[in-house]
Number of protein chains: 2
Amino acid sequence: MFQKVAFIGLGLIGGSIARAIRAKYPDVWVAAKTASRQTLAYAYDNGIIQDAPGSLPELVGNADLIILAPPIELIIPYVKKIYPLTKPSAIILDTGSTKEEIVRALKKYSDKFIGCHPMFGSEKAGIASSAAELLQGHRVIFTPYRDTPRGKLLAVLQFFKGLGCRPCRADAREHDTAVAAISHVPYFNAAALLQTADNDMKRVLAATGFQSCTRVAESDPPWGVEVARTNRREVLRGLKKLRHEIAWLEQLIGRGDYKGLKEYLEYSRQIRRNIYK
Amino acid sequence: MFQKVAFIGLGLIGGSIARAIRAKYPDVWVAAKTASRQTLAYAYDNGIIQDAPGSLPELVGNADLIILAPPIELIIPYVKKIYPLTKPSAIILDTGSTKEEIVRALKKYSDKFIGCHPMFGSEKAGIASSAAELLQGHRVIFTPYRDTPRGKLLAVLQFFKGLGCRPCRADAREHDTAVAAISHVPYFNAAALLQTADNDMKRVLAATGFQSCTRVAESDPPWGVEVARTNRREVLRGLKKLRHEIAWLEQLIGRGDYKGLKEYLEYSRQIRRNIYK
């Protein structure tokens with residue numbers, strides 16, 4: 001088990017993991033560094049972290065596990081920067097929601113770095129919205145290298161299982177294709193859907209169904225931009241696929257093929273029921 | 001106030017209105033006719049209705065308010081059938097989720113018939129899922145004719161306000177355009193989104209965001225077919241508009257216009273915040 005965990009970045013994701021560690025592993029020492037002083041003060045005052053060293057070498061030098069949860073574009077530079085400062089037995093995890101670019105760029109740090117995507121969240125951002133409960137029952141995906149030390153992989157899998165997550169392993173590219181379909185494209189789609197409802201009458205009539213369909217559009221726009229940038233190919237592929245599905249529905253309705261339409265709707269509902277049993 | 005209310009059809013919508021009447025207006029006599037014997041027995045046994053006359057003339061002959069909540073394609077024939085059986089002071093409401101076709105077809109019954117769309121619901125269907133609480137705070141749209149007796153319109157507005165709804169008035173066509181955008185298109189869109197997520201890896205990773213985006217796809221496929229049939233033009237227009245928005249997002253992402261993308265995402269989020277303050 002890890003004795004010291006260091007965080008770089010303590011937003012919704014980092015903050016929630018830190019809280020879960022405090023709750024499930026009270027003996028583990030948690031330290032952090034954040035871009036904002038207020039965040040660090042909040043984390044310290046609320047007992048989410050026990051230490052806030054001033055420098056990176058102090059923070060990561062004797063840490064067993066380092067969790068990088070800054071904005072996604074800072075992950076690659078941070079791994080390169082802290083790698084030489086950490087001890088040989090250290091494990092470095094990121095929390096980026098796309099994996100291929102990061103994992104490819106950090107291949108030569110494979111003795112310490114393992115790609116990771118904790119699949120929980122909320123529309124809200126920031127440490128004040130973080131909660132240990134957000135992790136419970138959710139997937140945490142690991143994208144190890146061929147030469148990732150298996151002892152290290154096993155250790156993080158067990159650690160996250162102990163936090164209440166369901167850790168699993170995936171190929172980075174397969175992961176990015178899948179999250180494009182079930183997270184990124186639905187987000188852009190919700191944004192598009194909202195643009196078609198921008199008038200007073202629609203606003204008045206919009207009820208709980210529309211609210212639920214567009215909930216994910218509350219996510220932070222810079223997150224959306226980073227997702228588009230880092231998972232560009234898969235997002236574009238997914239949006240095109242969705243556009244073709246919509247065009248197909250237009251064809252079915254346009255030519256009055258209501259039998260075909262009913263089958264399509266039934267099949268879609270079945271896909272959903274297979275996911276959320 | 002109405003003394004006797006008759007229902008034709010007691011599914012989720014009819015059943016919930018009947019329950020709300022029993023709760024808020026305990027002195028009102030509620031009777032019904034349904035396609036299924038079990039539904040009628042359930043409604044009677046659970047005190048949702050007090051009477052189940054065998055024939056239409058008995059049911060509607062002395063009713064002050066008749067609420068038609070059968071499958072949408074039966075609304076027009078039912079109004080024509082019961083119109084001559086009702087007393088001059090009677091009011092006939094439907095509950096169809098599209099209005100233009102119905103309102104146009106029933107123009108000559110305007111002394112009794114008023115188009116109505118109660119905007120509440122759930123993914124679940126049937127009287128067993130009905131509840132008075134489903135109405136609370138939700139819109140009920142009325143689409144009166146130019147020559148609808150204003151006393152009758154006022155009476156139904158007050159009656160539904162008393163049930164806990166927020167009744168309002170709209171033009172039938174404007175209504176259909178709006179519900180296409182905020183209800184019908186999101187439904188078809190959710191079905192399309194599910195088709196793009198039909199593989200094992202995606203199924204494993206799909207979490208609460210995707211669940212929320214696709215919740216409306218649990219609606220009954222025959223409902224979707226009727227919506228496509230009765231609101232065909234507006235649904236097709238809405239789907240095309242959505243497809244163009246998606247194509248525009250593809251362009252922004254494709255050419256790397258991340259400033260434009262960020263503004264688009266921010267604007268979309270603002271639309272949502274204007275709706276759900």
# chains A, B, ... in the order shown; residues from 1 in each chain; ligands from 1
>>> interface_residues(of="chain A", to="chain B", cutoff="7 Å", atoms="only C-alpha atoms", output="PyMOL selection string")
chain A and resi 178+181-183+186+189+191-198+201-203+206+209-210+212-214+216-218+221-222+225+228+236+239+241-243+245-246+250+253+258+261-262+265-266+268-269+271-272+275
>>> residues_around(residues="Leu135 of chain A", least_positions_apart="5", cutoff="8 Å", atoms="only C-alpha atoms", output="PyMOL selection string")
chain A and resi 16-17+20+120+163-165
>>> select_by_dssp(residues="segment 4-163 of chain A", states="strand (DSSP E or B)", output="PDB file with N, CA, C and O atoms, in the first residue's frame")
ATOM      1  N   LYS A   4       2.555   7.616   0.924  1.00  0.00           N
ATOM      2  CA  LYS A   4       2.407   9.044   0.656  1.00  0.00           C
ATOM      3  C   LYS A   4       1.892   9.258  -0.764  1.00  0.00           C
ATOM      4  O   LYS A   4       2.459   8.742  -1.735  1.00  0.00           O
ATOM      5  N   VAL A   5       0.819  10.021  -0.888  1.00  0.00           N
ATOM      6  CA  VAL A   5       0.238  10.324  -2.198  1.00  0.00           C
ATOM      7  C   VAL A   5       0.328  11.831  -2.421  1.00  0.00           C
ATOM      8  O   VAL A   5      -0.054  12.621  -1.544  1.00  0.00           O
ATOM      9  N   ALA A   6       0.850  12.219  -3.586  1.00  0.00           N
ATOM     10  CA  ALA A   6       0.961  13.642  -3.910  1.00  0.00           C
ATOM     11  C   ALA A   6       0.055  13.981  -5.089  1.00  0.00           C
ATOM     12  O   ALA A   6       0.016  13.247  -6.078  1.00  0.00           O
ATOM     13  N   PHE A   7      -0.659  15.069  -4.967  1.00  0.00           N
ATOM     14  CA  PHE A   7      -1.516  15.533  -6.054  1.00  0.00           C
ATOM     15  C   PHE A   7      -0.950  16.790  -6.689  1.00  0.00           C
ATOM     16  O   PHE A   7      -0.461  17.671  -5.983  1.00  0.00           O
ATOM     17  N   ILE A   8      -1.041  16.864  -8.014  1.00  0.00           N
ATOM     18  CA  ILE A   8      -0.801  18.143  -8.680  1.00  0.00           C
ATOM     19  C   ILE A   8      -2.124  18.494  -9.334  1.00  0.00           C
ATOM     20  O   ILE A   8      -2.586  17.798 -10.252  1.00  0.00           O
ATOM     21  N   TRP A  29      -0.662   9.600   3.891  1.00  0.00           N
ATOM     22  CA  TRP A  29      -0.313  11.018   3.953  1.00  0.00           C
ATOM     23  C   TRP A  29      -0.600  11.644   2.589  1.00  0.00           C
ATOM     24  O   TRP A  29      -0.104  11.169   1.571  1.00  0.00           O
ATOM     25  N   VAL A  30      -1.431  12.677   2.556  1.00  0.00           N
ATOM     26  CA  VAL A  30      -1.806  13.296   1.278  1.00  0.00           C
ATOM     27  C   VAL A  30      -1.281  14.728   1.213  1.00  0.00           C
ATOM     28  O   VAL A  30      -1.531  15.529   2.119  1.00  0.00           O
ATOM     29  N   ALA A  31      -0.545  15.021   0.154  1.00  0.00           N
ATOM     30  CA  ALA A  31      -0.021  16.376  -0.049  1.00  0.00           C
ATOM     31  C   ALA A  31      -0.426  16.851  -1.443  1.00  0.00           C
ATOM     32  O   ALA A  31      -0.798  16.045  -2.286  1.00  0.00           O
ATOM     33  N   ALA A  32      -0.361  18.158  -1.656  1.00  0.00           N
ATOM     34  CA  ALA A  32      -0.767  18.670  -2.965  1.00  0.00           C
ATOM     35  C   ALA A  32      -0.128  19.994  -3.302  1.00  0.00           C
ATOM     36  O   ALA A  32       0.379  20.715  -2.439  1.00  0.00           O
ATOM     37  N   LYS A  33      -0.199  20.291  -4.597  1.00  0.00           N
ATOM     38  CA  LYS A  33       0.211  21.567  -5.154  1.00  0.00           C
ATOM     39  C   LYS A  33      -0.887  21.944  -6.138  1.00  0.00           C
ATOM     40  O   LYS A  33      -1.358  21.091  -6.902  1.00  0.00           O
ATOM     41  N   ASP A  51      -0.628  18.341   3.840  1.00  0.00           N
ATOM     42  CA  ASP A  51       0.612  19.046   3.609  1.00  0.00           C
ATOM     43  C   ASP A  51       0.539  19.763   2.257  1.00  0.00           C
ATOM     44  O   ASP A  51      -0.117  19.290   1.331  1.00  0.00           O
ATOM     45  N   LEU A  65       2.921   7.553  -4.736  1.00  0.00           N
ATOM     46  CA  LEU A  65       1.971   7.692  -5.853  1.00  0.00           C
ATOM     47  C   LEU A  65       1.783   9.169  -6.112  1.00  0.00           C
ATOM     48  O   LEU A  65       1.541   9.935  -5.178  1.00  0.00           O
ATOM     49  N   ILE A  66       1.924   9.565  -7.385  1.00  0.00           N
ATOM     50  CA  ILE A  66       1.683  10.960  -7.750  1.00  0.00           C
ATOM     51  C   ILE A  66       0.504  10.968  -8.723  1.00  0.00           C
ATOM     52  O   ILE A  66       0.513  10.259  -9.739  1.00  0.00           O
ATOM     53  N   ILE A  67      -0.509  11.744  -8.385  1.00  0.00           N
ATOM     54  CA  ILE A  67      -1.703  11.812  -9.243  1.00  0.00           C
ATOM     55  C   ILE A  67      -1.779  13.193  -9.863  1.00  0.00           C
ATOM     56  O   ILE A  67      -1.896  14.203  -9.159  1.00  0.00           O
ATOM     57  N   LEU A  68      -1.696  13.230 -11.185  1.00  0.00           N
ATOM     58  CA  LEU A  68      -1.735  14.502 -11.903  1.00  0.00           C
ATOM     59  C   LEU A  68      -3.162  14.797 -12.342  1.00  0.00           C
ATOM     60  O   LEU A  68      -3.733  14.082 -13.162  1.00  0.00           O
ATOM     61  N   ILE A  91       4.982   5.701  -8.603  1.00  0.00           N
ATOM     62  CA  ILE A  91       4.041   5.524  -9.710  1.00  0.00           C
ATOM     63  C   ILE A  91       3.418   6.881 -10.003  1.00  0.00           C
ATOM     64  O   ILE A  91       3.005   7.590  -9.080  1.00  0.00           O
ATOM     65  N   ILE A  92       3.384   7.238 -11.290  1.00  0.00           N
ATOM     66  CA  ILE A  92       2.766   8.515 -11.690  1.00  0.00           C
ATOM     67  C   ILE A  92       1.516   8.195 -12.504  1.00  0.00           C
ATOM     68  O   ILE A  92       1.579   7.464 -13.498  1.00  0.00           O
ATOM     69  N   LEU A  93       0.380   8.724 -12.078  1.00  0.00           N
ATOM     70  CA  LEU A  93      -0.878   8.530 -12.825  1.00  0.00           C
ATOM     71  C   LEU A  93      -1.362   9.879 -13.323  1.00  0.00           C
ATOM     72  O   LEU A  93      -1.203  10.886 -12.641  1.00  0.00           O
ATOM     73  N   ASP A  94      -1.990   9.895 -14.485  1.00  0.00           N
ATOM     74  CA  ASP A  94      -2.671  11.127 -14.883  1.00  0.00           C
ATOM     75  C   ASP A  94      -4.179  10.882 -14.735  1.00  0.00           C
ATOM     76  O   ASP A  94      -4.597   9.787 -14.319  1.00  0.00           O
ATOM     77  N   PHE A 113       5.230   5.903 -15.257  1.00  0.00           N
ATOM     78  CA  PHE A 113       3.956   6.507 -15.656  1.00  0.00           C
ATOM     79  C   PHE A 113       2.948   5.473 -16.190  1.00  0.00           C
ATOM     80  O   PHE A 113       3.277   4.641 -17.033  1.00  0.00           O
ATOM     81  N   ILE A 114       1.710   5.558 -15.694  1.00  0.00           N
ATOM     82  CA  ILE A 114       0.610   4.738 -16.221  1.00  0.00           C
ATOM     83  C   ILE A 114      -0.553   5.672 -16.538  1.00  0.00           C
ATOM     84  O   ILE A 114      -0.982   6.463 -15.685  1.00  0.00           O
ATOM     85  N   GLY A 115      -1.062   5.597 -17.761  1.00  0.00           N
ATOM     86  CA  GLY A 115      -2.212   6.419 -18.150  1.00  0.00           C
ATOM     87  C   GLY A 115      -3.452   5.995 -17.379  1.00  0.00           C
ATOM     88  O   GLY A 115      -3.679   4.805 -17.164  1.00  0.00           O
ATOM     89  N   CYS A 116      -4.255   6.971 -16.982  1.00  0.00           N
ATOM     90  CA  CYS A 116      -5.427   6.674 -16.151  1.00  0.00           C
ATOM     91  C   CYS A 116      -6.560   7.646 -16.475  1.00  0.00           C
ATOM     92  O   CYS A 116      -6.317   8.833 -16.699  1.00  0.00           O
ATOM     93  N   HIS A 117      -7.766   7.146 -16.524  1.00  0.00           N
ATOM     94  CA  HIS A 117      -8.941   8.001 -16.734  1.00  0.00           C
ATOM     95  C   HIS A 117     -10.022   7.623 -15.729  1.00  0.00           C
ATOM     96  O   HIS A 117     -10.719   6.640 -15.909  1.00  0.00           O
ATOM     97  N   PRO A 118     -10.145   8.410 -14.662  1.00  0.00           N
ATOM     98  CA  PRO A 118     -11.200   8.137 -13.677  1.00  0.00           C
ATOM     99  C   PRO A 118     -12.519   8.616 -14.279  1.00  0.00           C
ATOM    100  O   PRO A 118     -12.685   9.801 -14.554  1.00  0.00           O
ATOM    101  N   ARG A 139     -16.118   3.507 -13.035  1.00  0.00           N
ATOM    102  CA  ARG A 139     -14.947   2.943 -13.703  1.00  0.00           C
ATOM    103  C   ARG A 139     -13.744   3.848 -13.580  1.00  0.00           C
ATOM    104  O   ARG A 139     -13.864   5.074 -13.658  1.00  0.00           O
ATOM    105  N   VAL A 140     -12.592   3.249 -13.377  1.00  0.00           N
ATOM    106  CA  VAL A 140     -11.327   3.968 -13.535  1.00  0.00           C
ATOM    107  C   VAL A 140     -10.533   3.144 -14.538  1.00  0.00           C
ATOM    108  O   VAL A 140     -10.252   1.960 -14.310  1.00  0.00           O
ATOM    109  N   ILE A 141     -10.227   3.758 -15.683  1.00  0.00           N
ATOM    110  CA  ILE A 141      -9.567   3.021 -16.758  1.00  0.00           C
ATOM    111  C   ILE A 141      -8.059   3.229 -16.691  1.00  0.00           C
ATOM    112  O   ILE A 141      -7.601   4.363 -16.570  1.00  0.00           O
ATOM    113  N   PHE A 142      -7.314   2.152 -16.785  1.00  0.00           N
ATOM    114  CA  PHE A 142      -5.853   2.243 -16.855  1.00  0.00           C
ATOM    115  C   PHE A 142      -5.395   1.776 -18.229  1.00  0.00           C
ATOM    116  O   PHE A 142      -5.898   0.784 -18.758  1.00  0.00           O
ATOM    117  N   THR A 143      -4.437   2.514 -18.793  1.00  0.00           N
ATOM    118  CA  THR A 143      -3.921   2.163 -20.116  1.00  0.00           C
ATOM    119  C   THR A 143      -2.410   1.931 -20.022  1.00  0.00           C
ATOM    120  O   THR A 143      -1.621   2.762 -20.474  1.00  0.00           O
TER     121      THR A 143
END
>>> select_by_dssp(residues="segment 39-264 of chain A", states="helix (DSSP H, G or I)", output="VMD selection string")
chain A and resid 39 to 45 56 to 60 72 to 85 100 to 105 107 to 109 127 to 129 132 to 135 150 to 162 172 to 195 200 to 205 208 to 213 215 to 218 221 to 230 232 to 254 258 to 264
>>> residues_around(residues="Asp147 of chain B", least_positions_apart="5", cutoff="12 Å", atoms="only C-alpha atoms", output="list in words")
Lys107, Lys108, Tyr109, Ser110, Asp111, Lys112, Phe113, Ile114, Lys152 and Leu153 of chain B
>>> closest_residue(among="B:Arg255, B:Lys277, B:Arg22, B:Arg169", to="Ala131 of chain B", atoms="only C-alpha atoms")
B:Arg22
>>> residues_around(residues="segment 98-100 of chain A", least_positions_apart="4", cutoff="6 Å", atoms="only C-alpha atoms", output="VMD selection string")
chain A and resid 104 172 to 173 176
>>> write_last_selection(atoms="N, CA, C and O atoms", output="PDB file, in the first residue's frame")
ATOM      1  N   ARG A 104       1.179   8.014 -25.804  1.00  0.00           N
ATOM      2  CA  ARG A 104       2.198   7.959 -26.843  1.00  0.00           C
ATOM      3  C   ARG A 104       3.367   8.886 -26.495  1.00  0.00           C
ATOM      4  O   ARG A 104       4.535   8.500 -26.599  1.00  0.00           O
ATOM      5  N   ALA A 172      -5.259   2.311 -25.131  1.00  0.00           N
ATOM      6  CA  ALA A 172      -5.487   3.761 -25.162  1.00  0.00           C
ATOM      7  C   ALA A 172      -6.359   4.186 -26.342  1.00  0.00           C
ATOM      8  O   ALA A 172      -7.252   5.026 -26.211  1.00  0.00           O
ATOM      9  N   ARG A 173      -6.127   3.580 -27.499  1.00  0.00           N
ATOM     10  CA  ARG A 173      -6.871   3.994 -28.688  1.00  0.00           C
ATOM     11  C   ARG A 173      -8.319   3.539 -28.628  1.00  0.00           C
ATOM     12  O   ARG A 173      -9.237   4.305 -28.944  1.00  0.00           O
ATOM     13  N   ASP A 176     -10.133   5.803 -26.392  1.00  0.00           N
ATOM     14  CA  ASP A 176     -10.486   7.102 -26.968  1.00  0.00           C
ATOM     15  C   ASP A 176     -11.673   7.002 -27.928  1.00  0.00           C
ATOM     16  O   ASP A 176     -12.520   7.899 -27.982  1.00  0.00           O
TER      17      ASP A 176
END
>>> atom_distance(atom1="atom CA of Val103 of chain A", atom2="atom CA of Glu73 of chain A")
13.0 Å
>>> residues_around(residues="Ala43 of chain A", least_positions_apart="6", cutoff="10 Å", atoms="only C-alpha atoms", output="PyMOL selection string")
chain A and resi 10+15+18-19+31-32+34+37+49-52+127-128
